[in-house]
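Below is one structure, written out as structure tokens; comments come after it.
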Amino acid sequence: MTKEEIIKPENLVCKKPTLMNDKPMHYCPGCSHGVVHKLVAEVIEEMGMEEKSVGISPVGCAVFIYNYIDIDWQEAAHGRAPAVATAIKRLWPDRLVFTYQGDGDLACIGTAETIHALNRGENITIIFINNAIYGMTGGQMAPTTLMGMKTATSPYGREADLHGYPLKITELAAQLEGTAYVTRQSVQSVPAIRKAKKAIRKAFENSMNGKGSNLVEIVSTCSSGWKMSPEKSNEWMAANMFPYYPLGDLKDKE
């Protein structure tokens, strides 16, 4: 097959989303952020919302999404992204408004903002990257760190009597009256990526159709924080994260 035949539209299997700019990604090898960025960009493009999307990025590795997707962005103080998203959506109800947050940001310092925005039924989507650790700041224990998991601040493993239990924020969200769609997905394989993209699309459509608040958790890897290769990180995630954070839809209010 010639080069000309390969690049024909009918032979195209996948392509870079037009909203993704040419800036090289800085994420560590095996990091899940880059995959989720691509899915967000694809969904926005497919919905035709390029000029009407507003993303809110807070503190942590998640903040750098504004470097890679060419839409309007607002940076928020640590944990406050759902509050900022609430204001933007209420002022501009015709906009697609979403937050992109890590577990330390969303489930620790931002717990109150997250729970109350979801409970109020704000027509926003919260994309929640859960890799069970603080990735940017040195691998400290997060609210989602598993029992027995070693981190920079739990070198002997997380212990219930000392650190408490891992927080299942998505299960909490599913119990709230204001949530329309709550799901937990992953991006470690092609089938998983397809399911995650479908979930993001559904959440975004719900928020535009005024159905209430939406939470899409992505169980993710942090090869650097976990001190594993990308391949081992995926294996460890499947063996340890998925049993505690099972994948699938937790709530779908049609």
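In the structure tokens, chains take the letters A, B, ... in the order shown, each chain's residues start at 1, and ligands count up from 1 in the order shown.
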Counting only C-alpha atoms, which residues of segment 67-117 of chain A sit at most 10 Å from some atom of segment 159-176 of chain A, and what is each one's closest atom pair with its distance in Å to one decimal, listed by chain and rising residue number, as a Markdown table?
| residue | atom | partner | partner_atom | distance |
| --- | --- | --- | --- | --- |
| A:Asp103 | CA | A:Ile169 | CA | 9.2 |
| A:Leu106 | CA | A:Ile169 | CA | 8.9 |
| A:Ala107 | CA | A:Ile169 | CA | 6.7 |
| A:Cys108 | CA | A:Leu167 | CA | 9.2 |
| A:Thr111 | CA | A:Ile169 | CA | 8.5 |
| A:Thr114 | CA | A:Ala173 | CA | 8.8 |
| A:Ile115 | CA | A:Ala173 | CA | 6.9 |
| A:His116 | CA | A:Leu176 | CA | 9.2 |
Quiz item: Can you list, as a PyMOL selection string, every residue of segment 49-185 of chain A that DSSP puts in helix (DSSP H, G or I)?
Solution: chain A and resi 61-67+81-91+103-109+111-120+160-163+169-174
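The residue that comes closest to Ala238 of chain A, out of A:Gly210, A:Ser223, A:Gln188, A:Leu91 and on the basis of only C-alpha atoms, is A:Gln188.
Taking only C-alpha atoms into account, Gly104 of chain A lies nearest to A:Gln140 out of the set A:Ser57, A:Ser154, A:Thr125, A:Gln140.
Going from atom CA of Glu75 of chain A to atom CA of Leu39 of chain A covers 20.3 Å.
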Residues near Asp70 of chain A, anyone? I mean within 10 Å using only C-alpha atoms, not counting same-chain ones fewer than 5 positions away, as an mmCIF file with N, CA and C atoms, in the first residue's frame.
data_model
loop_
_atom_site.group_PDB
_atom_site.id
_atom_site.type_symbol
_atom_site.label_atom_id
_atom_site.label_comp_id
_atom_site.auth_asym_id
_atom_site.auth_seq_id
_atom_site.Cartn_x
_atom_site.Cartn_y
_atom_site.Cartn_z
ATOM 1 N N THR A 18 -8.494 17.581 16.525
ATOM 2 C CA THR A 18 -8.105 18.917 16.091
ATOM 3 C C THR A 18 -7.917 19.868 17.263
ATOM 4 N N LEU A 19 -8.553 19.578 18.396
ATOM 5 C CA LEU A 19 -8.416 20.453 19.567
ATOM 6 C C LEU A 19 -7.119 20.230 20.332
ATOM 7 N N MET A 20 -6.427 19.140 20.055
ATOM 8 C CA MET A 20 -5.146 18.883 20.705
ATOM 9 C C MET A 20 -4.064 19.671 19.987
ATOM 10 N N ASN A 21 -3.347 20.518 20.719
ATOM 11 C CA ASN A 21 -2.304 21.316 20.071
ATOM 12 C C ASN A 21 -1.010 20.506 19.909
ATOM 13 N N ALA A 41 -10.976 15.790 24.321
ATOM 14 C CA ALA A 41 -10.886 16.582 23.091
ATOM 15 C C ALA A 41 -11.756 15.992 21.985
ATOM 16 N N GLU A 50 -16.665 23.079 20.314
ATOM 17 C CA GLU A 50 -15.321 23.657 20.408
ATOM 18 C C GLU A 50 -15.324 25.096 20.907
ATOM 19 N N GLU A 51 -16.289 25.887 20.462
ATOM 20 C CA GLU A 51 -16.335 27.304 20.811
ATOM 21 C C GLU A 51 -17.177 27.582 22.056
ATOM 22 N N SER A 53 -17.079 25.416 25.018
ATOM 23 C CA SER A 53 -16.635 24.580 26.129
ATOM 24 C C SER A 53 -15.734 25.373 27.058
ATOM 25 N N ILE A 65 -3.737 20.167 31.836
ATOM 26 C CA ILE A 65 -4.609 19.900 30.695
ATOM 27 C C ILE A 65 -4.819 21.147 29.856
#
May I have the residues within 12 Å of Lys227 of chain A as a short mmCIF file (atom, residue, chain, number, x, y, z; two decimals) with C-alpha atoms, in the first residue's frame, using only C-alpha atoms and disregarding those fewer than 3 positions away in the same chain?
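part_37.cif written:
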data_model
loop_
_atom_site.label_atom_id
_atom_site.label_comp_id
_atom_site.auth_asym_id
_atom_site.auth_seq_id
_atom_site.Cartn_x
_atom_site.Cartn_y
_atom_site.Cartn_z
CA CYS A 28 5.51 10.42 32.78
CA PRO A 29 5.54 7.29 30.59
CA GLY A 30 2.44 5.22 31.27
CA ILE A 133 -1.62 8.98 45.22
CA GLY A 135 1.55 12.39 41.81
CA GLY A 138 6.19 13.53 45.56
CA GLY A 139 3.94 10.51 45.96
CA MET A 149 -0.28 0.77 50.02
CA LYS A 150 3.12 2.36 50.60
CA THR A 151 3.61 6.04 49.80
CA ALA A 152 6.01 8.81 50.79
CA THR A 221 -2.01 4.66 37.00
CA CYS A 222 0.88 6.70 38.35
CA SER A 223 4.01 4.82 37.32
CA SER A 224 6.36 7.33 38.96
CA PRO A 230 3.96 1.30 32.89
CA GLU A 231 3.29 -2.38 32.22
CA LYS A 232 3.55 -3.32 35.91
CA SER A 233 1.40 -0.33 36.85
CA TRP A 236 -1.08 -3.67 39.70
#
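Across the model, the gap from atom CA of Pro24 of chain A to atom CA of Glu217 of chain A is 25.3 Å.
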Quiz item: Can you list, as a ChimeraX atom specification, every protein, DNA or RNA residue that comes within 9 Å of segment 93-101 of chain A when you count only C-alpha atoms, leaving out same-chain residues fewer than 3 positions away?
Solution: /A:44,49,51-63,65,79,81-82,84-86,88-90,104-106,123-130,204-205,207-208
